[in-house]
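**Student:** Structure file coords-v9.pdb (PDB, C-alpha atoms) right here:
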```pdb
ATOM      1  CA  MET A   1     -11.412   9.799 -30.347
ATOM      2  CA  VAL A   2     -12.872  11.753 -27.455
ATOM      3  CA  GLU A   3     -15.243   8.895 -26.613
ATOM      4  CA  ILE A   4     -12.364   6.376 -26.531
ATOM      5  CA  ILE A   5     -10.431   8.621 -24.108
ATOM      6  CA  GLY A   6     -13.555   8.975 -21.965
ATOM      7  CA  ILE A   7     -14.026   5.187 -21.805
ATOM      8  CA  LEU A   8     -10.347   4.750 -20.881
ATOM      9  CA  VAL A   9     -10.624   7.334 -18.085
ATOM     10  CA  ALA A  10     -13.697   5.496 -16.787
ATOM     11  CA  ILE A  11     -11.751   2.205 -16.765
ATOM     12  CA  VAL A  12      -8.894   3.870 -14.862
ATOM     13  CA  THR A  13     -11.392   5.315 -12.368
ATOM     14  CA  ILE A  14     -12.904   1.858 -11.813
ATOM     15  CA  PHE A  15      -9.411   0.423 -11.159
ATOM     16  CA  ILE A  16      -8.615   3.166  -8.629
ATOM     17  CA  ALA A  17     -12.009   2.820  -6.909
ATOM     18  CA  LEU A  18     -11.510  -0.950  -6.518
ATOM     19  CA  GLY A  19      -8.044  -0.379  -5.080
ATOM     20  CA  VAL A  20      -9.268   2.176  -2.546
ATOM     21  CA  PHE A  21     -12.107  -0.189  -1.584
ATOM     22  CA  PHE A  22      -9.654  -3.015  -0.884
ATOM     23  CA  MET A  23      -7.359  -0.737   1.125
ATOM     24  CA  ILE A  24     -10.268   0.525   3.280
ATOM     25  CA  THR A  25     -11.395  -3.092   3.812
ATOM     26  CA  GLY A  26      -7.919  -4.067   4.988
ATOM     27  CA  VAL A  27      -7.768  -1.202   7.462
ATOM     28  CA  ILE A  28     -11.229  -2.085   8.853
ATOM     29  CA  GLY A  29      -9.898  -5.626   9.346
ATOM     30  CA  LEU A  30      -6.839  -4.210  11.110
ATOM     31  CA  ILE A  31      -9.082  -2.350  13.547
ATOM     32  CA  ARG A  32     -11.860  -4.888  14.093
ATOM     33  CA  PHE A  33     -10.188  -8.323  14.195
ATOM     34  CA  PRO A  34      -9.420  -9.763  17.650
ATOM     35  CA  ASP A  35      -5.930 -11.168  17.211
ATOM     36  CA  PHE A  36      -2.428 -10.603  15.842
ATOM     37  CA  TYR A  37      -2.680 -13.415  13.286
ATOM     38  CA  THR A  38      -6.107 -12.397  12.005
ATOM     39  CA  ARG A  39      -4.940  -8.794  11.640
ATOM     40  CA  LEU A  40      -1.991  -9.965   9.541
ATOM     41  CA  HIS A  41      -4.394 -12.121   7.516
ATOM     42  CA  ALA A  42      -6.563  -9.072   6.786
ATOM     43  CA  THR A  43      -3.831  -6.617   5.865
ATOM     44  CA  GLY A  44      -1.432  -8.920   4.035
ATOM     45  CA  LYS A  45      -3.725  -9.703   1.124
ATOM     46  CA  CYS A  46      -5.961  -6.626   0.943
ATOM     47  CA  ASP A  47      -3.064  -4.173   0.897
ATOM     48  CA  THR A  48      -1.164  -6.017  -1.818
ATOM     49  CA  LEU A  49      -4.198  -6.239  -4.111
ATOM     50  CA  GLY A  50      -5.312  -2.657  -3.499
ATOM     51  CA  GLU A  51      -1.922  -1.127  -4.155
ATOM     52  CA  ILE A  52      -1.380  -3.176  -7.295
ATOM     53  CA  LEU A  53      -4.812  -2.126  -8.608
ATOM     54  CA  ILE A  54      -4.187   1.585  -7.961
ATOM     55  CA  ILE A  55      -0.716   1.568  -9.537
ATOM     56  CA  ALA A  56      -1.958  -0.468 -12.542
ATOM     57  CA  GLY A  57      -4.754   2.059 -13.079
ATOM     58  CA  LEU A  58      -2.296   4.945 -13.018
ATOM     59  CA  LEU A  59      -0.030   2.985 -15.416
ATOM     60  CA  ILE A  60      -2.919   2.701 -17.917
ATOM     61  CA  TYR A  61      -3.608   6.414 -17.391
ATOM     62  CA  HIS A  62      -0.010   7.336 -18.171
ATOM     63  CA  VAL A  63       0.413   5.082 -21.205
ATOM     64  CA  PHE A  64      -2.876   5.809 -23.008
ATOM     65  CA  ILE A  65      -4.105   9.217 -21.823
ATOM     66  CA  TYR A  66      -1.380  11.367 -20.280
ATOM     67  CA  SER A  67       0.664  13.326 -22.870
ATOM     68  CA  PRO A  68       4.208  13.382 -21.544
ATOM     69  CA  GLY A  69       5.968  15.782 -23.911
ATOM     70  CA  ALA A  70       9.644  15.427 -24.730
ATOM     71  CA  ASP A  71      10.961  15.175 -21.168
ATOM     72  CA  ILE A  72      12.863  11.932 -20.618
ATOM     73  CA  THR A  73      12.104  11.809 -16.865
ATOM     74  CA  VAL A  74       8.369  11.817 -17.608
ATOM     75  CA  GLN A  75       8.701   9.240 -20.378
ATOM     76  CA  LEU A  76      10.487   6.833 -18.023
ATOM     77  CA  VAL A  77       7.673   6.892 -15.428
ATOM     78  CA  PRO A  78       5.783   3.726 -16.673
ATOM     79  CA  VAL A  79       8.980   1.682 -16.241
ATOM     80  CA  LYS A  80       9.239   2.882 -12.652
ATOM     81  CA  LEU A  81       5.591   2.026 -12.017
ATOM     82  CA  LEU A  82       6.127  -1.473 -13.483
ATOM     83  CA  PHE A  83       9.123  -1.978 -11.204
ATOM     84  CA  LEU A  84       7.003  -0.775  -8.266
ATOM     85  CA  ILE A  85       4.234  -3.306  -9.071
ATOM     86  CA  ILE A  86       6.735  -6.190  -9.314
ATOM     87  CA  PHE A  87       8.466  -5.075  -6.121
ATOM     88  CA  ILE A  88       5.246  -4.826  -4.084
ATOM     89  CA  LEU A  89       4.099  -8.206  -5.434
ATOM     90  CA  LEU A  90       7.391  -9.786  -4.312
ATOM     91  CA  THR A  91       8.099  -8.069  -1.000
ATOM     92  CA  ASN A  92       4.749  -7.553   0.733
ATOM     93  CA  PRO A  93       3.971 -11.302   1.230
ATOM     94  CA  VAL A  94       7.595 -11.884   2.302
ATOM     95  CA  GLY A  95       7.296  -9.235   5.014
ATOM     96  CA  THR A  96       3.963 -10.649   6.196
ATOM     97  CA  HIS A  97       5.435 -14.159   6.357
ATOM     98  CA  ALA A  98       8.476 -12.952   8.318
ATOM     99  CA  LEU A  99       6.311 -11.137  10.876
ATOM    100  CA  MET A 100       3.985 -14.111  11.307
ATOM    101  CA  LYS A 101       6.922 -16.509  11.714
ATOM    102  CA  ALA A 102       8.466 -14.217  14.322
ATOM    103  CA  GLY A 103       5.181 -14.069  16.238
ATOM    104  CA  TYR A 104       4.688 -17.841  16.094
ATOM    105  CA  THR A 105       8.259 -18.587  17.216
ATOM    106  CA  THR A 106       8.152 -16.240  20.202
ATOM    107  CA  GLY A 107       4.846 -17.697  21.369
ATOM    108  CA  VAL A 108       2.030 -15.253  20.655
ATOM    109  CA  LYS A 109      -1.197 -17.033  21.605
ATOM    110  CA  PRO A 110      -3.901 -17.375  18.919
ATOM    111  CA  TRP A 111      -7.392 -16.143  19.756
ATOM    112  CA  LYS A 112     -10.105 -18.734  20.412
ATOM    113  CA  VAL A 113     -13.866 -18.362  20.645
ATOM    114  CA  GLY A 114     -14.803 -17.225  24.125
ATOM    115  CA  ASN A 115     -11.555 -15.455  24.947
ATOM    116  CA  GLU A 116     -11.525 -11.711  25.353
ATOM    117  CA  ARG A 117     -10.238  -9.596  22.498
ATOM    118  CA  MET A 118      -6.530  -8.899  22.481
TER     119      MET A 118
ATOM    120  CA  MET B 119     -18.026   9.230 -19.672
ATOM    121  CA  ILE B 120     -15.491  11.089 -17.579
ATOM    122  CA  GLU B 121     -13.480  14.099 -18.713
ATOM    123  CA  THR B 122      -9.704  14.054 -18.309
ATOM    124  CA  SER B 123      -9.629  17.380 -16.449
ATOM    125  CA  PHE B 124     -12.243  16.076 -13.983
ATOM    126  CA  PHE B 125     -10.048  13.028 -13.361
ATOM    127  CA  GLN B 126      -6.957  15.180 -12.934
ATOM    128  CA  GLU B 127      -8.655  17.541 -10.491
ATOM    129  CA  TYR B 128     -11.110  15.523  -8.417
ATOM    130  CA  VAL B 129     -10.571  11.748  -8.690
ATOM    131  CA  LEU B 130      -6.880  11.890  -7.792
ATOM    132  CA  LEU B 131      -7.622  14.333  -4.944
ATOM    133  CA  LEU B 132     -10.348  12.060  -3.513
ATOM    134  CA  THR B 133      -8.026   9.029  -3.807
ATOM    135  CA  GLY B 134      -5.262  10.831  -1.903
ATOM    136  CA  VAL B 135      -7.623  11.976   0.825
ATOM    137  CA  LEU B 136      -9.064   8.456   1.290
ATOM    138  CA  ILE B 137      -5.579   6.896   1.473
ATOM    139  CA  ALA B 138      -4.581   9.515   4.058
ATOM    140  CA  LEU B 139      -7.697   8.624   6.107
ATOM    141  CA  THR B 140      -6.747   4.921   6.029
ATOM    142  CA  ILE B 141      -3.237   5.891   7.212
ATOM    143  CA  LEU B 142      -4.857   7.798  10.093
ATOM    144  CA  VAL B 143      -6.948   4.758  11.110
ATOM    145  CA  ALA B 144      -3.844   2.523  10.982
ATOM    146  CA  THR B 145      -2.047   5.057  13.211
ATOM    147  CA  TYR B 146      -4.781   4.479  15.820
ATOM    148  CA  ARG B 147      -3.944   0.746  15.847
ATOM    149  CA  ALA B 148      -0.225   1.564  16.099
ATOM    150  CA  GLY B 149      -0.988   3.731  19.131
ATOM    151  CA  ILE B 150      -3.245   1.448  21.160
ATOM    152  CA  GLY B 151      -2.241  -2.009  19.856
ATOM    153  CA  PRO B 152      -1.390  -4.352  22.731
ATOM    154  CA  GLY B 153       2.107  -5.708  22.409
ATOM    155  CA  VAL B 154       4.911  -4.893  20.027
ATOM    156  CA  PHE B 155       3.689  -7.184  17.207
ATOM    157  CA  ASN B 156       0.456  -5.275  16.568
ATOM    158  CA  ARG B 157       2.414  -2.034  16.432
ATOM    159  CA  VAL B 158       4.888  -3.490  13.924
ATOM    160  CA  VAL B 159       2.004  -4.700  11.725
ATOM    161  CA  ALA B 160       0.391  -1.250  11.804
ATOM    162  CA  VAL B 161       3.676   0.498  10.933
ATOM    163  CA  ASN B 162       4.203  -1.915   8.016
ATOM    164  CA  VAL B 163       0.709  -1.138   6.721
ATOM    165  CA  ILE B 164       1.356   2.612   7.024
ATOM    166  CA  GLY B 165       4.587   2.254   5.031
ATOM    167  CA  THR B 166       3.015   0.296   2.190
ATOM    168  CA  LYS B 167       0.149   2.792   1.966
ATOM    169  CA  THR B 168       2.618   5.694   1.846
ATOM    170  CA  VAL B 169       4.147   4.227  -1.342
ATOM    171  CA  VAL B 170       0.797   4.493  -3.149
ATOM    172  CA  LEU B 171       0.130   7.943  -1.648
ATOM    173  CA  LEU B 172       3.445   9.184  -3.088
ATOM    174  CA  VAL B 173       2.497   7.861  -6.564
ATOM    175  CA  VAL B 174      -0.895   9.601  -6.421
ATOM    176  CA  ILE B 175       0.752  12.860  -5.256
ATOM    177  CA  GLY B 176       3.192  12.613  -8.158
ATOM    178  CA  TYR B 177       0.298  12.513 -10.642
ATOM    179  CA  PHE B 178      -1.740  15.179  -8.851
ATOM    180  CA  PHE B 179       1.016  17.811  -8.752
ATOM    181  CA  GLU B 180       2.688  16.516 -11.997
ATOM    182  CA  ARG B 181       6.142  16.174 -10.444
ATOM    183  CA  PRO B 182       7.927  13.061 -11.797
ATOM    184  CA  TYR B 183      10.462  12.938  -8.962
ATOM    185  CA  PHE B 184       7.921  11.531  -6.516
ATOM    186  CA  PHE B 185       8.170   8.115  -8.245
ATOM    187  CA  ASP B 186      11.855   7.851  -7.332
ATOM    188  CA  LEU B 187      10.908   8.675  -3.750
ATOM    189  CA  SER B 188       8.228   5.986  -3.914
ATOM    190  CA  LEU B 189      10.683   3.287  -5.088
ATOM    191  CA  LEU B 190      13.155   4.283  -2.376
ATOM    192  CA  TYR B 191      10.463   4.205   0.302
ATOM    193  CA  ALA B 192       9.299   0.736  -0.790
ATOM    194  CA  LEU B 193      12.878  -0.574  -0.435
ATOM    195  CA  LEU B 194      13.395   1.018   2.995
ATOM    196  CA  ASN B 195      10.040  -0.215   4.318
ATOM    197  CA  PHE B 196      10.739  -3.807   3.230
ATOM    198  CA  ILE B 197      14.231  -3.872   4.751
ATOM    199  CA  GLY B 198      12.945  -2.297   7.985
ATOM    200  CA  THR B 199      10.151  -4.859   8.346
ATOM    201  CA  LEU B 200      12.498  -7.805   7.719
ATOM    202  CA  ILE B 201      15.111  -6.567  10.208
ATOM    203  CA  PHE B 202      12.463  -5.881  12.847
ATOM    204  CA  ALA B 203      10.960  -9.364  12.422
ATOM    205  CA  LYS B 204      14.402 -10.965  12.663
ATOM    206  CA  TYR B 205      15.206  -8.985  15.804
ATOM    207  CA  LEU B 206      11.902  -9.915  17.446
ATOM    208  CA  GLU B 207      12.414 -13.584  16.555
ATOM    209  CA  ARG B 208      16.023 -14.087  17.684
ATOM    210  CA  GLY B 209      16.669 -11.292  20.177
ATOM    211  CA  GLU B 210      19.716 -10.116  18.248
ATOM    212  CA  ILE B 211      20.412  -8.617  14.836
ATOM    213  CA  TRP B 212      23.894  -9.970  14.144
ATOM    214  CA  SER B 213      23.946 -13.659  13.338
ATOM    215  CA  ARG B 214      27.086 -15.796  13.137
TER     216      ARG B 214
END
```
As C-alpha coordinates, how would this structure be written, given the file I've shared?
**Tutor:**
Amino acid sequence: MVEIIGILVAIVTIFIALGVFFMITGVIGLIRFPDFYTRLHATGKCDTLGEILIIAGLLIYHVFIYSPGADITVQLVPVKLLFLIIFILLTNPVGTHALMKAGYTTGVKPWKVGNERM
Amino acid sequence: MIETSFFQEYVLLLTGVLIALTILVATYRAGIGPGVFNRVVAVNVIGTKTVVLLVVIGYFFERPYFFDLSLLYALLNFIGTLIFAKYLERGEIWSR
(Lines of atoms letter the chains of each structure in order from A and count residues from 1; the text may use other names and numbers.)
(Lines give C-alpha, C1' and ligand atoms only; values in the text may rest on other atoms or scores of the structure.)
Protein backbone atom coordinates (compact mmCIF):
# COMPACT_ATOMS: atom_id res chain seq x y z
CA MET A 1 0.00 0.00 0.00
CA VAL A 2 2.82 2.36 0.90
CA GLU A 3 4.64 1.56 -2.35
CA ILE A 4 1.51 2.31 -4.42
CA ILE A 5 1.15 5.71 -2.71
CA GLY A 6 4.84 6.40 -3.34
CA ILE A 7 4.49 5.58 -7.05
CA LEU A 8 1.41 7.83 -7.27
CA VAL A 9 3.27 10.72 -5.61
CA ALA A 10 6.11 10.24 -8.09
CA ILE A 11 3.63 10.40 -11.00
CA VAL A 12 2.12 13.60 -9.58
CA THR A 13 5.62 15.08 -9.19
CA ILE A 14 6.42 14.25 -12.82
CA PHE A 15 3.19 15.98 -13.94
CA ILE A 16 4.02 19.11 -11.92
CA ALA A 17 7.64 19.17 -13.14
CA LEU A 18 6.50 18.96 -16.78
CA GLY A 19 4.03 21.79 -16.20
CA VAL A 20 6.63 24.05 -14.61
CA PHE A 21 9.02 23.26 -17.47
CA PHE A 22 6.44 24.32 -20.06
CA MET A 23 5.62 27.51 -18.16
CA ILE A 24 9.32 28.48 -17.90
CA THR A 25 9.73 27.76 -21.63
CA GLY A 26 6.81 30.04 -22.46
CA VAL A 27 8.22 32.88 -20.38
CA ILE A 28 11.66 32.51 -22.03
CA GLY A 29 9.86 32.78 -25.38
CA LEU A 30 8.06 35.89 -24.13
CA ILE A 31 11.40 37.51 -23.30
CA ARG A 32 13.54 36.34 -26.21
CA PHE A 33 11.31 36.43 -29.31
CA PRO A 34 11.57 39.52 -31.53
CA ASP A 35 7.95 40.29 -32.33
CA PHE A 36 4.41 40.63 -30.99
CA TYR A 37 3.07 37.69 -33.00
CA THR A 38 5.92 35.34 -32.10
CA ARG A 39 5.53 36.22 -28.42
CA LEU A 40 1.83 35.34 -28.60
CA HIS A 41 2.78 32.12 -30.40
CA ALA A 42 5.14 31.19 -27.56
CA THR A 43 2.88 31.99 -24.63
CA GLY A 44 -0.47 30.89 -26.03
CA LYS A 45 0.35 27.20 -26.27
CA CYS A 46 2.98 26.74 -23.55
CA ASP A 47 0.89 28.39 -20.85
CA THR A 48 -2.23 26.38 -21.63
CA LEU A 49 -0.39 23.05 -21.59
CA GLY A 50 1.64 23.86 -18.47
CA GLU A 51 -1.33 24.98 -16.42
CA ILE A 52 -3.43 22.00 -17.45
CA LEU A 53 -0.58 19.63 -16.51
CA ILE A 54 -0.08 21.21 -13.07
CA ILE A 55 -3.80 21.24 -12.23
CA ALA A 56 -4.24 17.65 -13.50
CA GLY A 57 -1.36 16.53 -11.29
CA LEU A 58 -2.91 18.18 -8.25
CA LEU A 59 -6.28 16.59 -9.19
CA ILE A 60 -4.65 13.11 -9.13
CA TYR A 61 -3.02 14.05 -5.81
CA HIS A 62 -6.35 15.02 -4.28
CA VAL A 63 -8.35 12.05 -5.55
CA PHE A 64 -5.88 9.24 -4.77
CA ILE A 65 -3.58 10.47 -1.99
CA TYR A 66 -5.00 13.40 -0.03
CA SER A 67 -7.36 12.33 2.80
CA PRO A 68 -10.06 14.98 2.92
CA GLY A 69 -11.99 14.09 6.08
CA ALA A 70 -15.69 14.81 6.41
CA ASP A 71 -15.62 18.46 5.36
CA ILE A 72 -17.85 19.08 2.35
CA THR A 73 -15.81 22.08 1.11
CA VAL A 74 -12.71 19.88 0.86
CA GLN A 75 -14.60 17.04 -0.80
CA LEU A 76 -15.88 19.38 -3.52
CA VAL A 77 -12.37 20.54 -4.52
CA PRO A 78 -11.82 18.01 -7.43
CA VAL A 79 -15.00 19.31 -9.11
CA LYS A 80 -13.65 22.84 -8.91
CA LEU A 81 -10.31 21.73 -10.35
CA LEU A 82 -12.11 19.94 -13.22
CA PHE A 83 -14.09 23.10 -13.96
CA LEU A 84 -10.82 25.08 -13.87
CA ILE A 85 -9.18 22.71 -16.40
CA ILE A 86 -12.16 22.95 -18.78
CA PHE A 87 -12.30 26.72 -18.38
CA ILE A 88 -8.59 27.25 -19.09
CA LEU A 89 -8.80 24.90 -22.09
CA LEU A 90 -11.71 26.94 -23.50
CA THR A 91 -10.75 30.52 -22.68
CA ASN A 92 -6.97 30.78 -23.07
CA PRO A 93 -6.91 30.14 -26.88
CA VAL A 94 -9.92 32.47 -27.28
CA GLY A 95 -8.06 35.29 -25.53
CA THR A 96 -4.93 34.69 -27.61
CA HIS A 97 -6.98 34.73 -30.83
CA ALA A 98 -8.73 37.97 -29.84
CA LEU A 99 -5.43 39.71 -29.07
CA MET A 100 -3.83 38.54 -32.31
CA LYS A 101 -6.86 39.63 -34.35
CA ALA A 102 -6.79 43.04 -32.69
CA GLY A 103 -3.08 43.42 -33.47
CA TYR A 104 -3.52 42.33 -37.09
CA THR A 105 -6.50 44.65 -37.67
CA THR A 106 -4.78 47.73 -36.26
CA GLY A 107 -1.69 47.11 -38.38
CA VAL A 108 1.13 45.81 -36.19
CA LYS A 109 4.00 44.96 -38.55
CA PRO A 110 5.37 41.39 -38.47
CA TRP A 111 9.11 40.94 -37.95
CA LYS A 112 11.22 39.88 -40.93
CA VAL A 113 14.79 38.62 -41.10
CA GLY A 114 17.17 41.55 -41.08
CA ASN A 115 14.93 43.98 -39.22
CA GLU A 116 15.88 45.10 -35.75
CA ARG A 117 14.14 43.53 -32.80
CA MET A 118 10.94 45.18 -31.68
CA MET B 1 9.78 6.64 -4.27
CA ILE B 2 8.68 9.92 -2.76
CA GLU B 3 7.11 10.35 0.67
CA THR B 4 3.84 12.26 0.98
CA SER B 5 5.19 14.61 3.65
CA PHE B 6 8.17 15.46 1.42
CA PHE B 7 5.75 16.30 -1.39
CA GLN B 8 3.59 18.39 0.92
CA GLU B 9 6.55 20.34 2.30
CA TYR B 10 9.08 20.76 -0.49
CA VAL B 11 7.66 19.98 -3.95
CA LEU B 12 4.69 22.33 -3.61
CA LEU B 13 6.95 25.05 -2.15
CA LEU B 14 9.44 24.74 -5.04
CA THR B 15 6.56 24.82 -7.57
CA GLY B 16 5.17 28.02 -6.03
CA VAL B 17 8.56 29.70 -5.98
CA LEU B 18 9.25 28.81 -9.64
CA ILE B 19 5.83 30.09 -10.75
CA ALA B 20 6.46 33.33 -8.84
CA LEU B 21 9.83 33.68 -10.63
CA THR B 22 8.12 33.26 -14.02
CA ILE B 23 5.61 35.95 -12.99
CA LEU B 24 8.55 38.23 -12.16
CA VAL B 25 10.14 37.66 -15.59
CA ALA B 26 6.80 38.37 -17.31
CA THR B 27 6.56 41.60 -15.28
CA TYR B 28 9.86 42.68 -16.88
CA ARG B 29 8.29 42.30 -20.35
CA ALA B 30 5.21 44.22 -19.18
CA GLY B 31 7.49 47.03 -18.03
CA ILE B 32 9.77 47.45 -21.04
CA GLY B 33 7.62 46.00 -23.86
CA PRO B 34 7.39 48.44 -26.78
CA GLY B 35 3.82 49.32 -27.56
CA VAL B 36 0.59 48.52 -25.78
CA PHE B 37 0.15 45.05 -27.35
CA ASN B 38 3.25 43.54 -25.75
CA ARG B 39 2.15 44.88 -22.38
CA VAL B 40 -1.33 43.38 -22.78
CA VAL B 41 0.19 39.99 -23.69
CA ALA B 42 2.44 40.09 -20.62
CA VAL B 43 -0.46 41.02 -18.31
CA ASN B 44 -2.54 38.16 -19.75
CA VAL B 45 0.31 35.73 -19.08
CA ILE B 46 0.66 37.02 -15.51
CA GLY B 47 -3.07 36.51 -14.91
CA THR B 48 -3.13 32.94 -16.19
CA LYS B 49 -0.07 32.06 -14.10
CA THR B 50 -1.70 33.56 -11.00
CA VAL B 51 -4.58 31.06 -11.34
CA VAL B 52 -2.17 28.13 -11.00
CA LEU B 53 -0.25 29.88 -8.20
CA LEU B 54 -3.50 30.22 -6.22
CA VAL B 55 -4.21 26.47 -6.65
CA VAL B 56 -0.71 25.55 -5.44
CA ILE B 57 -1.05 27.92 -2.45
CA GLY B 58 -4.38 26.30 -1.59
CA TYR B 59 -2.70 22.88 -1.36
CA PHE B 60 0.39 24.17 0.44
CA PHE B 61 -1.48 25.92 3.26
CA GLU B 62 -4.48 23.47 3.12
CA ARG B 63 -7.10 26.21 2.79
CA PRO B 64 -9.90 25.11 0.41
CA TYR B 65 -11.17 28.65 -0.17
CA PHE B 66 -8.28 29.49 -2.49
CA PHE B 67 -9.90 27.37 -5.25
CA ASP B 68 -12.95 29.65 -5.30
CA LEU B 69 -10.59 32.61 -5.61
CA SER B 70 -8.83 30.81 -8.46
CA LEU B 71 -12.07 30.24 -10.41
CA LEU B 72 -13.08 33.87 -9.90
CA TYR B 73 -9.68 35.12 -11.04
CA ALA B 74 -9.80 32.97 -14.19
CA LEU B 75 -13.19 34.50 -15.10
CA LEU B 76 -12.04 38.08 -14.45
CA ASN B 77 -8.80 37.63 -16.40
CA PHE B 78 -10.63 36.22 -19.45
CA ILE B 79 -13.23 39.00 -19.50
CA GLY B 80 -10.53 41.66 -19.04
CA THR B 81 -8.44 40.31 -21.92
CA LEU B 82 -11.44 40.13 -24.27
CA ILE B 83 -12.61 43.67 -23.45
CA PHE B 84 -9.10 45.06 -23.84
CA ALA B 85 -8.67 43.36 -27.23
CA LYS B 86 -12.04 44.67 -28.41
CA TYR B 87 -11.17 48.19 -27.28
CA LEU B 88 -7.79 48.10 -29.02
CA GLU B 89 -9.39 46.78 -32.21
CA ARG B 90 -12.34 49.17 -32.56
CA GLY B 91 -11.39 52.22 -30.49
CA GLU B 92 -14.59 52.00 -28.47
CA ILE B 93 -16.14 49.55 -26.02
CA TRP B 94 -19.84 50.10 -26.70
CA SER B 95 -21.00 48.66 -29.99
CA ARG B 96 -24.38 49.35 -31.59
**Student:** Please indicate the distance in Å from atom CA of A:Gly6 to atom CA of A:Tyr66, rounded to one decimal place.
**Tutor:**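 A separation of 12.5 Å between them.
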**Student:** Could you check the closest approach to B:Tyr128 for each of B:Val158, B:Leu194, B:Ala203, B:Val174 and tell me which residue wins, using all atoms listed in the file?
**Tutor:** B:Val174
**Student:** Counting only C-alpha atoms, which residues of chain B sit at most 8 Å from some atom of stretch 81-99 of chain A, and what is each one's closest atom pair with its distance in Å to one decimal, listed by chain and rising residue number, as JSON lines?
**Tutor:**
```
{"residue": "B:Phe155", "atom": "CA", "partner": "A:Leu99", "partner_atom": "CA", "distance": 7.9}
{"residue": "B:Val159", "atom": "CA", "partner": "A:Leu99", "partner_atom": "CA", "distance": 7.8}
{"residue": "B:Phe185", "atom": "CA", "partner": "A:Leu81", "partner_atom": "CA", "distance": 7.6}
{"residue": "B:Leu189", "atom": "CA", "partner": "A:Leu84", "partner_atom": "CA", "distance": 6.3}
{"residue": "B:Ala192", "atom": "CA", "partner": "A:Ile88", "partner_atom": "CA", "distance": 7.6}
{"residue": "B:Phe196", "atom": "CA", "partner": "A:Thr91", "partner_atom": "CA", "distance": 6.6}
{"residue": "B:Thr199", "atom": "CA", "partner": "A:Gly95", "partner_atom": "CA", "distance": 6.2}
{"residue": "B:Leu200", "atom": "CA", "partner": "A:Gly95", "partner_atom": "CA", "distance": 6.0}
{"residue": "B:Ala203", "atom": "CA", "partner": "A:Leu99", "partner_atom": "CA", "distance": 5.2}
{"residue": "B:Lys204", "atom": "CA", "partner": "A:Ala98", "partner_atom": "CA", "distance": 7.6}
```
**Student:** Would you mind listing, as a list in words, all residues of chain B that have at least one atom within 6 Å of chain A, where all atoms listed in the file are what counts?
**Tutor:**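 Listed by rising number, the hits are Met119, Ile120, Pro182, Ala203 and Glu207 of chain B.
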**Student:** Rounded to one decimal, what separation in Å do you get between atom CA of A:Asp71 and atom CA of B:Phe184?
**Tutor:**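 Interatomic distance here is 15.4 Å.
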**Student:** In Å, with one decimal, what is the gap from atom CA of B:Glu121 to atom CA of B:Asp186?
**Tutor:**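 Interatomic distance, atom CA of B:Glu121 to atom CA of B:Asp186: 28.5 Å.
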**Student:** Which residue out of A:Ala56, A:His41, A:Pro34, A:Leu18 has the minimum interatomic distance to B:Val173 when only C-alpha atoms are used?
**Tutor:**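 Among A:Ala56, A:His41, A:Pro34, A:Leu18, it is A:Ala56 that comes nearest to B:Val173.
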**Student:** Rank B:Val170, B:Gly149, B:Leu206, B:Arg181 by their smallest atom-to-atom distance to B:Leu136, using all atoms listed in the file, and report the top residue only.
**Tutor:**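 Result for the nearest residue to B:Leu136: B:Val170.
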**Student:** Run the PyMOL selection byres ((chain B and resi 164-167) around 8) against the file shown and list the residues it catches, as a list in words.
**Tutor:**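 Those residues are Asp47 and Glu51 of chain A; Ile137, Ile141, Ala144, Thr145, Ala160, Val161, Asn162, Val163, Thr168, Val169, Val170, Leu171, Tyr191, Ala192 and Asn195 of chain B.
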**Student:** Using only C-alpha atoms, which of the listed residues (B:Arg147, B:Ile211, B:Tyr177, B:Leu187) sits closest to B:Phe125?
**Tutor:**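 Going through B:Arg147, B:Ile211, B:Tyr177, B:Leu187 one by one, the smallest distance to B:Phe125 is for B:Tyr177.
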**Student:** Give the centre and edge lengths of an axis-aligned box, in Å to one decimal, that holds all listed atoms of stretch 150-168 of chain B with 6 Å on each side, as AutoDock Vina command-line options.
**Tutor:**
```
--center_x 0.8 --center_y -0.7 --center_z 12.3 --size_x 20.2 --size_y 24.9 --size_z 32.9
```
